[in-house]
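Colleague: Quick one: structure below, then a few questions.
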Amino acid sequence: MNLFDTHAHYDADAFDGDRDQVLSGLADRGVALVVNPGCDLTSSRTAVALAEKYPFLYAAVGYHPENCGPYVPEDLDALRALAKCPKAVAIGEIGLDYHWEDNPSRELQRRVFRDQLALAEELDLPVIVHDRDAHAESLRLIRAFPRVRGVFHCFSGSAEMARELVGLGWMVSFTGVLTYKNARRALEAAAAVPLERVMIETDSPYMAPVPHRGERCDSGYVSYVCEKLAELKGISPEACAQATLENGRRFFRIP
């Protein structure tokens, strides 16, 4: 199978000890492409540098809602410059996270999200959206930018919300959560999304699928997500891998 892990953080500290070994071994594990999103300026720069080193690796650049505390409007100039690098394919990971009380203020999160949606619109790039416990607000903000297309990664909303995103022309992406025993909501959402609108990911080093739950995740484990999605859709894992690979290539405009 040729798999596309559309969301993995190889800039994370968890890979400091063996980053090159993991990345260099992915092809032998069936992984053809990976997108590494940034979470702030530093990690976005690292994501671009890694993408320039590995032919199969691409980058996204942006401020994650949990990391947007230091954001100032001038940072958009730095993101704009990074986004123009040949291996940068999206603005992300951006969005809203209302789960943790010690996150940056909701007002700041919304402002940073809006600014980055506007940047994506300016540059004609897709966005990778993080939405945790902020479903209604996230939908409201993306609706304000109808020319921006994107994906809700690690989707945690309802099947109804997933159908709403599809109606807006957006993609929906699922992680190893599909393999968890308590994954009813995610499974219902994945079943509701047409195959041509689904992408798969690991969110490495987080969210390792069963049977590796609790371990450090890497892109090789995206095969478990693919197998579970294939089961849901009633197709072979090979057909699911091919469909999600094509979806990801189309979405990120990767030749």
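Chain identifiers are assigned as A, B, and so on, following the order in which chains appear in the structure tokens; residues are numbered from 1 within each chain, and ligands are numbered from 1 in order of appearance.
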Taking the DSSP assignment computed from this structure's backbone, write out as a PyMOL selection string all residues of range 109-237 of chain A that belong to strand (DSSP E).

Modeller: chain A and resi 127-132+150-152+171-174+198-200

Colleague: Could you go through range 190-233 of chain A and tell me which residues DSSP, when run on the backbone, assigns to alpha helix (DSSP H), listing them as a list of chain:residue names?

Modeller: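 Alpha helix (DSSP H) members of range 190-233 of chain A, listed: A:Ala190, A:Ala191, A:Ala192, A:Val222, A:Ser223, A:Tyr224, A:Val225, A:Cys226, A:Glu227, A:Lys228, A:Leu229, A:Ala230, A:Glu231, A:Leu232, A:Lys233.
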
Colleague: Now that the selection is made, can you save its residues with C-alpha atoms as a PDB file, in the first residue's frame?

Modeller:
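Result written to out_17.pdb:
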```
ATOM      1  CA  ALA A 190     -16.346   8.700   9.377  1.00  0.00           C
ATOM      2  CA  ALA A 191     -19.267   6.635   8.078  1.00  0.00           C
ATOM      3  CA  ALA A 192     -21.116   9.860   7.174  1.00  0.00           C
ATOM      4  CA  VAL A 222      -1.406   5.132   9.668  1.00  0.00           C
ATOM      5  CA  SER A 223      -2.024   1.676   8.188  1.00  0.00           C
ATOM      6  CA  TYR A 224      -4.250   0.863  11.192  1.00  0.00           C
ATOM      7  CA  VAL A 225      -6.357   3.959  10.520  1.00  0.00           C
ATOM      8  CA  CYS A 226      -6.626   2.959   6.867  1.00  0.00           C
ATOM      9  CA  GLU A 227      -7.715  -0.579   7.746  1.00  0.00           C
ATOM     10  CA  LYS A 228     -10.426   0.631  10.112  1.00  0.00           C
ATOM     11  CA  LEU A 229     -11.733   3.167   7.601  1.00  0.00           C
ATOM     12  CA  ALA A 230     -11.738   0.501   4.899  1.00  0.00           C
ATOM     13  CA  GLU A 231     -13.817  -1.738   7.167  1.00  0.00           C
ATOM     14  CA  LEU A 232     -16.309   1.107   7.694  1.00  0.00           C
ATOM     15  CA  LYS A 233     -16.578   1.773   3.969  1.00  0.00           C
TER      16      LYS A 233
END
```

Colleague: If you count only C-alpha atoms, which residues fall within 8 Å of Gln242 in chain A, apart from same-chain ones fewer than 2 positions away, as an MDAnalysis selection string?

Modeller: chainID A and resid 1:3 238:240 244:246

Colleague: Excluding range 130-141 of chain A and its own-chain neighbours fewer than 3 positions away, which residues fall within 6 Å of it when counting only C-alpha atoms? Please give them as a list in words.

Modeller: Ile94, Gly95, Leu96, Asp97, Tyr98, His99 and Ala144 of chain A
